Amino acid sequence: MINRYTVIGRPVAHSLSPAIHHMFGEHTQRRIEYTRTEADPDTFIDTVKHWREVGGKGCNITSPFKEQAAAVCDRLHRRAELAQAVNTLHMHPDGSIVGYNTDGIGLLADLKRNKHCSIEGARILVLGAGGAVRGILEPFLEQRPSELVITNRTVDKAKKLADDFSLLGNVSAGNYDELSDKGAFDLIINATSMGFGGDSPPVPVSAFAPSALAYDMMYQSETPFLNWCHNNGIANTSNGFGMLVEQAAEAFLVWEGVRPKTRMLYPRTSEIINSV
Ligand code: ATR
């Protein structure tokens with residue numbers, strides 16, 4: 001029997017998830033089929049239900065449906081509940097749909113396993129306060145950083161997030177202008193949706209500790225933020241390709257009960273990127 005999965009989003013044509021999951025299937029010797037499904041906000045819920053009705057075992061959910069996906073679930077895993085955002089749906093044999101959020105643990109896995117970056121005791125700066133940030137705060141705070149600062153253009157959104165997660169650790173919020181007074185950070189994560197051809201978030205060089213890791217959640221090798229880092233002497237940088245792979249491995253674990261050995265896949269990065 002083939003287990004069937006899909007990624008639902010809009011747009012979704014450039015999703016790398018099918019290539020990644022097919023490689024996981026090969027490595028773990030599971031027979032899976034993984035497709036892309038485009039939806040729109042009006043049809044999203046019906047699209048999910050249809051996938052369940054035709055025997056689909058799970059879905060990944062990508063932009064802009066992660067919040068809407070939380071509402072379609074019968075049960076939410078604790079992380080998805082806290083994030084109020086779901087990137088993985090698991091259709092159970094009894095017809096119930098359980099929602100997970102693997103984005104944050106995927107990012108953590110990339111940082112810890114692949115980049116050898118320690119979060120405990122670190123000063124962390126997160127740029128942006130959208131859905132992507134909501135998904136990573138709980139797993140990060142669980143690792144006990146000394147401080148986590150959320151900086152956003154719209155400061156009220158950052159403050160709301162810091163308030164919502166304040167019981168879980170030392171988290172605060174501010175705007176970009178305040179960053180020159182906040183000292184140096186060990187890890188700076190760009191979680192804004194500022195895209196290509198756009199500017200980099202306005203972070204001062206003084207915010208980067210000498211060996212700081214600058215991490216962009218976008219998986220492309222060149223982004224405005226990473227280019228800005230390179231031009232400003234920030235040597236230790238990473239794009240978000242590893243996060244994409246590791247969050248996928250966590251979703252595969254939910255569905256198939258085995259976590260693929262992701263290190264087998266990194267040598268095939270260009271094959272994955274060229275799959276679209
Ligand atoms: P996602 O689900 O990817 O997090 P989102 O919820 O739309 O997407 O959030 C996008 C984030 O990028 C927000 O923090 C947004 O800042 P605002 O809350 O002020 O809108 C940030 N962002 C997008 N474009 C930006 C820009 N030009 N300058 C600064 N921040 C920007």
# chains A, B, ... in the order shown; residues from 1 in each chain; ligands from 1

call {"tool": "residues_near_ligand", "arguments": {"ligand": "ligand 1", "cutoff": "10 Å", "atoms": "only C-alpha atoms and all ligand atoms", "output": "tab-separated table (two decimals) with all heavy atoms, in the first residue's frame"}}
result
chain	number	residue	atom	x	y	z
A	62	THR	N	1.30	25.04	3.97
A	62	THR	CA	2.23	26.17	3.86
A	62	THR	C	1.44	27.46	3.69
A	62	THR	O	0.20	27.46	3.75
A	62	THR	CB	3.28	25.89	2.76
A	62	THR	OG1	4.27	26.91	2.81
A	62	THR	CG2	2.68	25.82	1.37
A	63	SER	N	2.17	28.55	3.54
A	63	SER	CA	1.56	29.87	3.46
A	63	SER	C	0.46	29.90	2.38
A	63	SER	O	0.65	29.32	1.31
A	63	SER	CB	2.67	30.86	3.12
A	63	SER	OG	2.19	32.15	3.11
A	64	PRO	N	-0.67	30.53	2.60
A	64	PRO	CA	-1.05	31.33	3.76
A	64	PRO	C	-2.06	30.61	4.66
A	64	PRO	O	-2.88	31.27	5.29
A	64	PRO	CB	-1.73	32.54	3.10
A	64	PRO	CG	-2.47	31.91	1.93
A	64	PRO	CD	-1.64	30.72	1.48
A	65	PHE	N	-1.98	29.29	4.77
A	65	PHE	CA	-3.09	28.55	5.41
A	65	PHE	C	-2.77	27.98	6.80
A	65	PHE	O	-3.55	27.20	7.33
A	65	PHE	CB	-3.52	27.38	4.50
A	65	PHE	CG	-4.01	27.84	3.14
A	65	PHE	CD1	-3.43	27.36	1.98
A	65	PHE	CD2	-5.05	28.75	3.04
A	65	PHE	CE1	-3.88	27.78	0.73
A	65	PHE	CE2	-5.51	29.18	1.80
A	65	PHE	CZ	-4.91	28.69	0.64
A	66	LYS	N	-1.61	28.34	7.37
A	66	LYS	CA	-1.22	27.66	8.62
A	66	LYS	C	-2.19	27.95	9.77
A	66	LYS	O	-2.44	27.08	10.60
A	66	LYS	CB	0.21	28.05	9.01
A	66	LYS	CG	1.24	27.43	8.07
A	66	LYS	CD	2.65	27.71	8.52
A	66	LYS	CE	3.63	27.15	7.49
A	66	LYS	NZ	5.03	27.35	7.87
A	67	GLU	N	-2.73	29.17	9.82
A	67	GLU	CA	-3.69	29.48	10.90
A	67	GLU	C	-5.03	28.81	10.61
A	67	GLU	O	-5.66	28.25	11.51
A	67	GLU	CB	-3.89	31.00	11.05
A	67	GLU	CG	-2.75	31.70	11.79
A	67	GLU	CD	-1.60	32.09	10.87
A	67	GLU	OE1	-1.75	31.95	9.63
A	67	GLU	OE2	-0.55	32.52	11.38
A	85	ALA	N	-0.97	27.65	14.93
A	85	ALA	CA	-0.61	27.50	13.51
A	85	ALA	C	-0.16	26.06	13.31
A	85	ALA	O	0.50	25.48	14.18
A	85	ALA	CB	0.52	28.45	13.14
A	126	VAL	N	15.15	37.88	17.17
A	126	VAL	CA	14.28	37.40	16.08
A	126	VAL	C	13.72	38.63	15.36
A	126	VAL	O	13.16	39.54	16.00
A	126	VAL	CB	13.12	36.53	16.64
A	126	VAL	CG1	12.18	36.12	15.52
A	126	VAL	CG2	13.68	35.30	17.34
A	127	LEU	N	13.88	38.67	14.06
A	127	LEU	CA	13.38	39.78	13.24
A	127	LEU	C	12.06	39.36	12.61
A	127	LEU	O	12.02	38.37	11.86
A	127	LEU	CB	14.39	40.12	12.14
A	127	LEU	CG	15.84	40.28	12.62
A	127	LEU	CD1	16.77	40.49	11.43
A	127	LEU	CD2	15.96	41.44	13.61
A	128	GLY	N	10.99	40.08	12.92
A	128	GLY	CA	9.67	39.72	12.40
A	128	GLY	C	8.79	39.21	13.52
A	128	GLY	O	9.29	38.74	14.56
A	129	ALA	N	7.47	39.33	13.32
A	129	ALA	CA	6.53	38.91	14.36
A	129	ALA	C	5.28	38.31	13.73
A	129	ALA	O	4.17	38.48	14.25
A	129	ALA	CB	6.19	40.09	15.26
A	130	GLY	N	5.46	37.61	12.62
A	130	GLY	CA	4.32	37.00	11.95
A	130	GLY	C	4.11	35.55	12.38
A	130	GLY	O	4.63	35.10	13.42
A	131	GLY	N	3.37	34.81	11.56
A	131	GLY	CA	3.06	33.42	11.87
A	131	GLY	C	4.31	32.57	12.02
A	131	GLY	O	4.36	31.66	12.87
A	132	ALA	N	5.34	32.86	11.24
A	132	ALA	CA	6.56	32.05	11.30
A	132	ALA	C	7.19	32.16	12.68
A	132	ALA	O	7.72	31.17	13.21
A	132	ALA	CB	7.54	32.52	10.22
A	133	VAL	N	7.13	33.33	13.28
A	133	VAL	CA	7.74	33.52	14.60
A	133	VAL	C	6.90	32.83	15.68
A	133	VAL	O	7.43	32.18	16.58
A	133	VAL	CB	7.91	35.03	14.89
A	133	VAL	CG1	8.45	35.24	16.29
A	133	VAL	CG2	8.83	35.65	13.85
A	134	ARG	N	5.60	32.96	15.58
A	134	ARG	CA	4.71	32.31	16.55
A	134	ARG	C	5.03	30.81	16.64
A	134	ARG	O	4.97	30.21	17.71
A	134	ARG	CB	3.26	32.55	16.14
A	134	ARG	CG	2.24	32.14	17.15
A	134	ARG	CD	0.88	32.71	16.83
A	134	ARG	NE	0.61	33.93	17.55
A	134	ARG	CZ	0.26	34.00	18.83
A	134	ARG	NH1	0.13	32.91	19.54
A	134	ARG	NH2	0.03	35.14	19.41
A	135	GLY	N	5.39	30.21	15.50
A	135	GLY	CA	5.67	28.77	15.47
A	135	GLY	C	6.99	28.37	16.12
A	135	GLY	O	7.16	27.21	16.47
A	150	ILE	N	12.22	40.05	20.31
A	150	ILE	CA	11.51	40.06	19.03
A	150	ILE	C	11.45	41.50	18.54
A	150	ILE	O	10.97	42.39	19.28
A	150	ILE	CB	10.06	39.54	19.19
A	150	ILE	CG1	10.04	38.17	19.87
A	150	ILE	CG2	9.36	39.48	17.85
A	150	ILE	CD1	8.64	37.75	20.34
A	151	THR	N	11.95	41.73	17.33
A	151	THR	CA	11.93	43.09	16.77
A	151	THR	C	11.06	43.09	15.53
A	151	THR	O	11.19	42.21	14.68
A	151	THR	CB	13.37	43.50	16.39
A	151	THR	OG1	14.11	43.62	17.59
A	151	THR	CG2	13.39	44.83	15.66
A	152	ASN	N	10.17	44.07	15.47
A	152	ASN	CA	9.28	44.10	14.31
A	152	ASN	C	8.98	45.53	13.90
A	152	ASN	O	8.96	46.44	14.73
A	152	ASN	CB	7.96	43.37	14.64
A	152	ASN	CG	7.20	43.01	13.40
A	152	ASN	OD1	7.80	42.57	12.41
A	152	ASN	ND2	5.89	43.19	13.40
A	153	ARG	N	8.76	45.70	12.58
A	153	ARG	CA	8.35	47.02	12.06
A	153	ARG	C	7.10	47.51	12.79
A	153	ARG	O	7.04	48.62	13.27
A	153	ARG	CB	8.08	46.85	10.56
A	153	ARG	CG	7.58	48.07	9.87
A	153	ARG	CD	7.40	47.80	8.40
A	153	ARG	NE	6.44	46.74	8.12
A	153	ARG	CZ	6.11	46.33	6.91
A	153	ARG	NH1	6.69	46.88	5.86
A	153	ARG	NH2	5.23	45.37	6.72
A	154	THR	N	6.09	46.62	12.91
A	154	THR	CA	4.89	46.97	13.67
A	154	THR	C	5.10	46.45	15.10
A	154	THR	O	4.91	45.26	15.37
A	154	THR	CB	3.65	46.29	13.04
A	154	THR	OG1	3.69	46.52	11.64
A	154	THR	CG2	2.36	46.81	13.63
A	155	VAL	N	5.51	47.34	15.98
A	155	VAL	CA	5.98	46.89	17.29
A	155	VAL	C	4.87	46.24	18.12
A	155	VAL	O	5.12	45.32	18.92
A	155	VAL	CB	6.68	48.05	18.04
A	155	VAL	CG1	5.69	49.06	18.56
A	155	VAL	CG2	7.57	47.53	19.13
A	156	ASP	N	3.62	46.65	17.91
A	156	ASP	CA	2.53	46.06	18.69
A	156	ASP	C	2.40	44.57	18.45
A	156	ASP	O	2.03	43.82	19.36
A	156	ASP	CB	1.19	46.75	18.35
A	156	ASP	CG	1.12	48.13	19.00
A	156	ASP	OD1	2.01	48.44	19.81
A	156	ASP	OD2	0.18	48.88	18.66
A	157	LYS	N	2.69	44.13	17.24
A	157	LYS	CA	2.61	42.68	16.96
A	157	LYS	C	3.71	41.93	17.72
A	157	LYS	O	3.48	40.83	18.25
A	157	LYS	CB	2.73	42.43	15.45
A	157	LYS	CG	1.42	42.63	14.73
A	157	LYS	CD	1.56	42.67	13.23
A	157	LYS	CE	1.94	41.35	12.60
A	157	LYS	NZ	2.06	41.48	11.12
A	158	ALA	N	4.88	42.54	17.81
A	158	ALA	CA	5.98	41.92	18.57
A	158	ALA	C	5.62	41.87	20.05
A	158	ALA	O	5.86	40.87	20.74
A	158	ALA	CB	7.27	42.70	18.34
A	175	ASN	N	11.34	47.76	18.64
A	175	ASN	CA	11.41	48.09	17.21
A	175	ASN	C	12.88	48.16	16.77
A	175	ASN	O	13.79	48.08	17.59
A	175	ASN	CB	10.62	49.35	16.89
A	175	ASN	CG	11.15	50.55	17.65
A	175	ASN	OD1	12.36	50.66	17.87
A	175	ASN	ND2	10.26	51.41	18.09
A	176	TYR	N	13.08	48.32	15.49
A	176	TYR	CA	14.44	48.29	14.95
A	176	TYR	C	15.30	49.43	15.48
A	176	TYR	O	16.50	49.25	15.71
A	176	TYR	CB	14.38	48.32	13.41
A	176	TYR	CG	13.93	47.01	12.81
A	176	TYR	CD1	12.62	46.82	12.41
A	176	TYR	CD2	14.83	45.96	12.62
A	176	TYR	CE1	12.19	45.62	11.87
A	176	TYR	CE2	14.42	44.75	12.08
A	176	TYR	CZ	13.10	44.59	11.70
A	176	TYR	OH	12.70	43.39	11.17
A	190	ASN	N	16.36	35.91	10.82
A	190	ASN	CA	15.45	36.72	10.01
A	190	ASN	C	14.20	35.90	9.69
A	190	ASN	O	14.25	34.94	8.92
A	190	ASN	CB	16.13	37.15	8.71
A	190	ASN	CG	15.17	37.96	7.85
A	190	ASN	OD1	14.27	38.62	8.36
A	190	ASN	ND2	15.35	37.88	6.55
A	191	ALA	N	13.08	36.31	10.29
A	191	ALA	CA	11.81	35.62	10.03
A	191	ALA	C	10.83	36.59	9.38
A	191	ALA	O	9.62	36.37	9.44
A	191	ALA	CB	11.25	35.07	11.33
A	192	THR	N	11.34	37.67	8.78
A	192	THR	CA	10.43	38.57	8.06
A	192	THR	C	10.14	37.95	6.69
A	192	THR	O	10.85	37.05	6.24
A	192	THR	CB	11.05	39.97	7.84
A	192	THR	OG1	12.14	39.85	6.91
A	192	THR	CG2	11.52	40.58	9.13
A	193	SER	N	9.12	38.47	6.04
A	193	SER	CA	8.80	37.98	4.71
A	193	SER	C	9.36	38.93	3.65
A	193	SER	O	8.90	38.92	2.52
A	193	SER	CB	7.28	37.84	4.56
A	193	SER	OG	6.68	39.09	4.79
A	194	MET	N	10.37	39.74	4.05
A	194	MET	CA	10.96	40.67	3.07
A	194	MET	C	11.66	39.86	1.99
A	194	MET	O	12.58	39.11	2.27
A	194	MET	CB	11.96	41.60	3.76
A	194	MET	CG	11.29	42.52	4.75
A	194	MET	SD	12.46	43.42	5.78
A	194	MET	CE	13.11	44.60	4.62
A	195	GLY	N	11.17	40.00	0.77
A	195	GLY	CA	11.58	39.04	-0.26
A	195	GLY	C	12.70	39.53	-1.13
A	195	GLY	O	13.43	40.46	-0.79
A	198	GLY	N	14.11	43.04	-2.43
A	198	GLY	CA	13.77	43.98	-1.35
A	198	GLY	C	15.00	44.29	-0.53
A	198	GLY	O	16.11	43.83	-0.81
A	199	ASP	N	14.78	45.10	0.51
A	199	ASP	CA	15.87	45.46	1.39
A	199	ASP	C	16.03	44.40	2.47
A	199	ASP	O	15.15	43.57	2.69
A	199	ASP	CB	15.57	46.80	2.07
A	199	ASP	CG	15.61	47.93	1.05
A	199	ASP	OD1	16.38	47.79	0.08
A	199	ASP	OD2	14.87	48.90	1.24
A	200	SER	N	17.16	44.50	3.17
A	200	SER	CA	17.38	43.66	4.34
A	200	SER	C	16.75	44.36	5.55
A	200	SER	O	16.68	45.59	5.57
A	200	SER	CB	18.88	43.51	4.52
A	200	SER	OG	19.17	42.81	5.69
A	201	PRO	N	16.31	43.62	6.57
A	201	PRO	CA	15.80	44.29	7.77
A	201	PRO	C	16.89	45.22	8.34
A	201	PRO	O	18.07	44.87	8.31
A	201	PRO	CB	15.52	43.14	8.74
A	201	PRO	CG	15.43	41.92	7.90
A	201	PRO	CD	16.28	42.15	6.68
A	202	PRO	N	16.51	46.39	8.86
A	202	PRO	CA	17.51	47.39	9.29
A	202	PRO	C	18.13	47.08	10.66
A	202	PRO	O	17.84	47.74	11.66
A	202	PRO	CB	16.70	48.69	9.32
A	202	PRO	CG	15.29	48.26	9.54
A	202	PRO	CD	15.13	46.89	8.95
A	217	MET	N	15.47	32.44	7.52
A	217	MET	CA	14.55	31.32	7.39
A	217	MET	C	14.20	31.02	5.92
A	217	MET	O	13.60	29.99	5.64
A	217	MET	CB	13.28	31.55	8.22
A	217	MET	CG	13.56	31.26	9.70
A	217	MET	SD	12.27	31.73	10.87
A	217	MET	CE	10.90	30.81	10.33
A	218	MET	N	14.58	31.90	5.00
A	218	MET	CA	14.36	31.59	3.58
A	218	MET	C	15.41	30.57	3.15
A	218	MET	O	16.57	30.65	3.57
A	218	MET	CB	14.49	32.84	2.74
A	218	MET	CG	13.42	33.87	3.07
A	218	MET	SD	13.69	35.38	2.17
A	218	MET	CE	12.62	35.08	0.80

call {"tool": "residues_around", "arguments": {"residues": "Asn170 (chain A)", "least_positions_apart": "5", "cutoff": "7 Å", "atoms": "only C-alpha atoms", "output": "PyMOL selection string"}}
result
chain A and resi 146-148

call {"tool": "select_by_dssp", "arguments": {"residues": "region 28-80 of chain A", "states": "helix (DSSP H, G or I)", "output": "ChimeraX atom specification"}}
result
/A:28,44-53,66-72,78-80

call {"tool": "residues_around", "arguments": {"residues": "Asn236 (chain A)", "least_positions_apart": "3", "cutoff": "7 Å", "atoms": "only C-alpha atoms", "output": "VMD selection string"}}
result
chain A and resid 211 to 214

call {"tool": "write_last_selection", "arguments": {"atoms": "N, CA and C atoms", "output": "short mmCIF file (atom, residue, chain, number, x, y, z; two decimals), in the first residue's frame"}}
result
data_model
loop_
_atom_site.label_atom_id
_atom_site.label_comp_id
_atom_site.auth_asym_id
_atom_site.auth_seq_id
_atom_site.Cartn_x
_atom_site.Cartn_y
_atom_site.Cartn_z
N SER A 211 31.14 36.17 17.04
CA SER A 211 30.95 34.87 16.35
C SER A 211 29.47 34.57 16.14
N ALA A 212 28.65 35.61 16.10
CA ALA A 212 27.19 35.40 15.98
C ALA A 212 26.85 34.62 14.72
N LEU A 213 25.78 33.82 14.82
CA LEU A 213 25.24 33.17 13.63
C LEU A 213 24.06 34.00 13.13
N ALA A 214 24.11 34.38 11.86
CA ALA A 214 22.99 35.08 11.22
C ALA A 214 22.25 34.05 10.38
#

call {"tool": "select_by_dssp", "arguments": {"residues": "region 54-169 of chain A", "states": "strand (DSSP E or B)", "output": "list in words"}}
result
Gly58, Cys59, Asn60, Ile61, Arg75, Leu76, Thr88, Leu89, His90, Met91, Ile97, Val98, Gly99, Tyr100, Arg123, Ile124, Leu125, Val126, Leu127, Glu147, Leu148, Val149, Ile150 and Thr151 of chain A

call {"tool": "write_last_selection", "arguments": {"atoms": "N, CA, C and O atoms", "output": "CSV table (one decimal), in the first residue's frame"}}
result
chain,number,residue,atom,x,y,z
A,58,GLY,N,-1.9,12.3,5.2
A,58,GLY,CA,-1.4,13.5,5.8
A,58,GLY,C,-1.2,14.6,4.8
A,58,GLY,O,-1.2,14.4,3.6
A,59,CYS,N,-1.0,15.8,5.3
A,59,CYS,CA,-0.7,17.0,4.5
A,59,CYS,C,0.3,17.8,5.2
A,59,CYS,O,0.3,17.9,6.4
A,60,ASN,N,1.1,18.5,4.4
A,60,ASN,CA,1.8,19.7,5.0
A,60,ASN,C,1.0,20.9,4.5
A,60,ASN,O,0.4,20.9,3.5
A,61,ILE,N,1.1,21.9,5.4
A,61,ILE,CA,0.3,23.2,5.1
A,61,ILE,C,1.4,24.3,5.0
A,61,ILE,O,2.2,24.4,6.0
A,75,ARG,N,-8.0,17.7,16.8
A,75,ARG,CA,-7.1,17.8,18.0
A,75,ARG,C,-5.8,18.5,17.5
A,75,ARG,O,-5.4,18.3,16.4
A,76,LEU,N,-5.2,19.3,18.5
A,76,LEU,CA,-4.0,19.9,18.2
A,76,LEU,C,-2.9,19.4,19.1
A,76,LEU,O,-3.1,19.3,20.3
A,88,THR,N,1.5,20.6,9.7
A,88,THR,CA,1.4,19.2,9.4
A,88,THR,C,0.1,18.6,9.9
A,88,THR,O,-0.3,18.8,11.1
A,89,LEU,N,-0.7,18.0,9.0
A,89,LEU,CA,-1.9,17.4,9.4
A,89,LEU,C,-1.8,15.8,9.3
A,89,LEU,O,-1.2,15.4,8.3
A,90,HIS,N,-2.3,15.1,10.3
A,90,HIS,CA,-2.2,13.7,10.3
A,90,HIS,C,-3.7,13.2,10.3
A,90,HIS,O,-4.4,13.4,11.2
A,91,MET,N,-4.0,12.5,9.2
A,91,MET,CA,-5.4,11.9,9.1
A,91,MET,C,-5.4,10.5,9.8
A,91,MET,O,-4.7,9.6,9.2
A,97,ILE,N,-8.6,14.4,12.4
A,97,ILE,CA,-7.5,15.1,11.9
A,97,ILE,C,-6.7,15.7,13.0
A,97,ILE,O,-7.3,16.5,13.8
A,98,VAL,N,-5.4,15.4,13.2
A,98,VAL,CA,-4.6,15.9,14.3
A,98,VAL,C,-3.6,16.9,13.7
A,98,VAL,O,-2.9,16.6,12.7
A,99,GLY,N,-3.5,18.1,14.3
A,99,GLY,CA,-2.6,19.1,13.8
A,99,GLY,C,-1.3,19.3,14.6
A,99,GLY,O,-1.3,19.2,15.8
A,100,TYR,N,-0.2,19.4,13.9
A,100,TYR,CA,1.2,19.6,14.5
A,100,TYR,C,1.8,20.8,13.9
A,100,TYR,O,1.5,21.3,12.8
A,123,ARG,N,21.9,34.8,23.8
A,123,ARG,CA,21.1,36.0,23.5
A,123,ARG,C,20.6,35.9,22.1
A,123,ARG,O,21.4,35.8,21.1
A,124,ILE,N,19.3,35.8,21.9
A,124,ILE,CA,18.7,35.6,20.5
A,124,ILE,C,17.9,36.8,20.1
A,124,ILE,O,17.1,37.3,20.9
A,125,LEU,N,18.1,37.2,18.9
A,125,LEU,CA,17.3,38.3,18.3
A,125,LEU,C,16.5,37.7,17.1
A,125,LEU,O,17.0,37.0,16.2
A,126,VAL,N,15.1,37.9,17.2
A,126,VAL,CA,14.3,37.4,16.1
A,126,VAL,C,13.7,38.6,15.4
A,126,VAL,O,13.2,39.5,16.0
A,127,LEU,N,13.9,38.7,14.1
A,127,LEU,CA,13.4,39.8,13.2
A,127,LEU,C,12.1,39.4,12.6
A,127,LEU,O,12.0,38.4,11.9
A,147,GLU,N,18.1,35.3,26.8
A,147,GLU,CA,17.1,36.4,26.5
A,147,GLU,C,16.7,36.2,25.0
A,147,GLU,O,17.5,35.8,24.2
A,148,LEU,N,15.4,36.4,24.7
A,148,LEU,CA,15.0,36.4,23.3
A,148,LEU,C,14.2,37.7,23.0
A,148,LEU,O,13.3,38.0,23.7
A,149,VAL,N,14.7,38.4,22.1
A,149,VAL,CA,14.1,39.7,21.8
A,149,VAL,C,13.5,39.6,20.4
A,149,VAL,O,14.1,39.2,19.4
A,150,ILE,N,12.2,40.0,20.3
A,150,ILE,CA,11.5,40.1,19.0
A,150,ILE,C,11.5,41.5,18.5
A,150,ILE,O,11.0,42.4,19.3
A,151,THR,N,12.0,41.7,17.3
A,151,THR,CA,11.9,43.1,16.8
A,151,THR,C,11.1,43.1,15.5
A,151,THR,O,11.2,42.2,14.7

call {"tool": "residues_around", "arguments": {"residues": "Asn232 (chain A)", "least_positions_apart": "3", "cutoff": "8 Å", "atoms": "only C-alpha atoms", "output": "list in words"}}
result
Val205, Trp228 and Cys229 of chain A

call {"tool": "residues_around", "arguments": {"residues": "Arg36 (chain A)", "least_positions_apart": "4", "cutoff": "9 Å", "atoms": "only C-alpha atoms", "output": "number ranges by chain"}}
result
A: 5-9, 12-13, 15, 17-18

call {"tool": "atom_distance", "arguments": {"atom1": "CA of Ala80 (chain A)", "atom2": "CA of Leu108 (chain A)"}}
result
15.7 Å

call {"tool": "residues_around", "arguments": {"residues": "region 244-253 of chain A", "least_positions_apart": "2", "cutoff": "9 Å", "atoms": "only C-alpha atoms", "output": "MDAnalysis selection string"}}
result
chainID A and resid 16:17 20:21 24:25 59:60 87:90 100:110 217:219 240:242 255:262 265:266

call {"tool": "closest_residue", "arguments": {"among": "A:Cys117, A:Gln68, A:Pro11, A:Ser275", "to": "Glu38 (chain A)", "atoms": "only C-alpha atoms"}}
result
A:Pro11

call {"tool": "closest_residue", "arguments": {"among": "A:Ala235, A:Leu82, A:Ile119, A:Ile189", "to": "Leu167 (chain A)", "atoms": "only C-alpha atoms"}}
result
A:Leu82

call {"tool": "decode", "arguments": {"residues": "region 192-249 of chain A", "atoms": "C-alpha atoms", "output": "PDB file, in the first residue's frame"}}
result
ATOM      1  CA  THR A 192      10.432  38.570   8.056  1.00  0.00           C
ATOM      2  CA  SER A 193       8.802  37.978   4.708  1.00  0.00           C
ATOM      3  CA  MET A 194      10.957  40.673   3.067  1.00  0.00           C
ATOM      4  CA  GLY A 195      11.584  39.037  -0.256  1.00  0.00           C
ATOM      5  CA  PHE A 196      13.939  39.180  -3.166  1.00  0.00           C
ATOM      6  CA  GLY A 197      14.833  42.480  -4.689  1.00  0.00           C
ATOM      7  CA  GLY A 198      13.771  43.976  -1.353  1.00  0.00           C
ATOM      8  CA  ASP A 199      15.875  45.457   1.392  1.00  0.00           C
ATOM      9  CA  SER A 200      17.377  43.660   4.341  1.00  0.00           C
ATOM     10  CA  PRO A 201      15.804  44.291   7.772  1.00  0.00           C
ATOM     11  CA  PRO A 202      17.507  47.389   9.293  1.00  0.00           C
ATOM     12  CA  VAL A 203      19.686  45.716  11.955  1.00  0.00           C
ATOM     13  CA  PRO A 204      22.826  47.552  13.126  1.00  0.00           C
ATOM     14  CA  VAL A 205      26.167  45.703  12.855  1.00  0.00           C
ATOM     15  CA  SER A 206      26.561  46.245  16.628  1.00  0.00           C
ATOM     16  CA  ALA A 207      23.746  43.706  17.182  1.00  0.00           C
ATOM     17  CA  PHE A 208      26.012  40.852  16.014  1.00  0.00           C
ATOM     18  CA  ALA A 209      28.405  39.345  18.572  1.00  0.00           C
ATOM     19  CA  PRO A 210      31.839  38.535  17.029  1.00  0.00           C
ATOM     20  CA  SER A 211      30.949  34.875  16.352  1.00  0.00           C
ATOM     21  CA  ALA A 212      27.194  35.403  15.985  1.00  0.00           C
ATOM     22  CA  LEU A 213      25.240  33.166  13.632  1.00  0.00           C
ATOM     23  CA  ALA A 214      22.992  35.079  11.217  1.00  0.00           C
ATOM     24  CA  TYR A 215      20.202  32.771  10.069  1.00  0.00           C
ATOM     25  CA  ASP A 216      17.660  33.489   7.339  1.00  0.00           C
ATOM     26  CA  MET A 217      14.546  31.316   7.388  1.00  0.00           C
ATOM     27  CA  MET A 218      14.362  31.587   3.582  1.00  0.00           C
ATOM     28  CA  TYR A 219      15.977  28.528   1.990  1.00  0.00           C
ATOM     29  CA  GLN A 220      17.520  30.285  -1.015  1.00  0.00           C
ATOM     30  CA  SER A 221      21.303  30.632  -0.901  1.00  0.00           C
ATOM     31  CA  GLU A 222      21.234  34.370  -1.570  1.00  0.00           C
ATOM     32  CA  THR A 223      18.773  36.580   0.267  1.00  0.00           C
ATOM     33  CA  PRO A 224      18.887  40.351   0.926  1.00  0.00           C
ATOM     34  CA  PHE A 225      19.629  39.657   4.619  1.00  0.00           C
ATOM     35  CA  LEU A 226      22.464  37.187   3.927  1.00  0.00           C
ATOM     36  CA  ASN A 227      23.920  39.480   1.242  1.00  0.00           C
ATOM     37  CA  TRP A 228      23.836  42.376   3.700  1.00  0.00           C
ATOM     38  CA  CYS A 229      25.615  40.186   6.299  1.00  0.00           C
ATOM     39  CA  HIS A 230      28.349  39.239   3.835  1.00  0.00           C
ATOM     40  CA  ASN A 231      28.839  42.890   2.869  1.00  0.00           C
ATOM     41  CA  ASN A 232      29.108  43.903   6.520  1.00  0.00           C
ATOM     42  CA  GLY A 233      31.656  41.375   7.729  1.00  0.00           C
ATOM     43  CA  ILE A 234      29.240  38.904   9.366  1.00  0.00           C
ATOM     44  CA  ALA A 235      30.954  35.664   8.411  1.00  0.00           C
ATOM     45  CA  ASN A 236      28.847  33.018  10.135  1.00  0.00           C
ATOM     46  CA  THR A 237      25.613  32.765   8.144  1.00  0.00           C
ATOM     47  CA  SER A 238      23.040  30.203   7.131  1.00  0.00           C
ATOM     48  CA  ASN A 239      19.985  30.088   4.933  1.00  0.00           C
ATOM     49  CA  GLY A 240      16.894  28.120   5.990  1.00  0.00           C
ATOM     50  CA  PHE A 241      17.325  25.073   3.755  1.00  0.00           C
ATOM     51  CA  GLY A 242      18.221  22.928   6.771  1.00  0.00           C
ATOM     52  CA  MET A 243      15.081  24.108   8.576  1.00  0.00           C
ATOM     53  CA  LEU A 244      13.001  23.068   5.561  1.00  0.00           C
ATOM     54  CA  VAL A 245      14.554  19.594   5.582  1.00  0.00           C
ATOM     55  CA  GLU A 246      14.379  19.109   9.351  1.00  0.00           C
ATOM     56  CA  GLN A 247      10.753  20.259   9.690  1.00  0.00           C
ATOM     57  CA  ALA A 248       9.931  17.803   6.889  1.00  0.00           C
ATOM     58  CA  ALA A 249      11.728  15.012   8.780  1.00  0.00           C
TER      59      ALA A 249
END
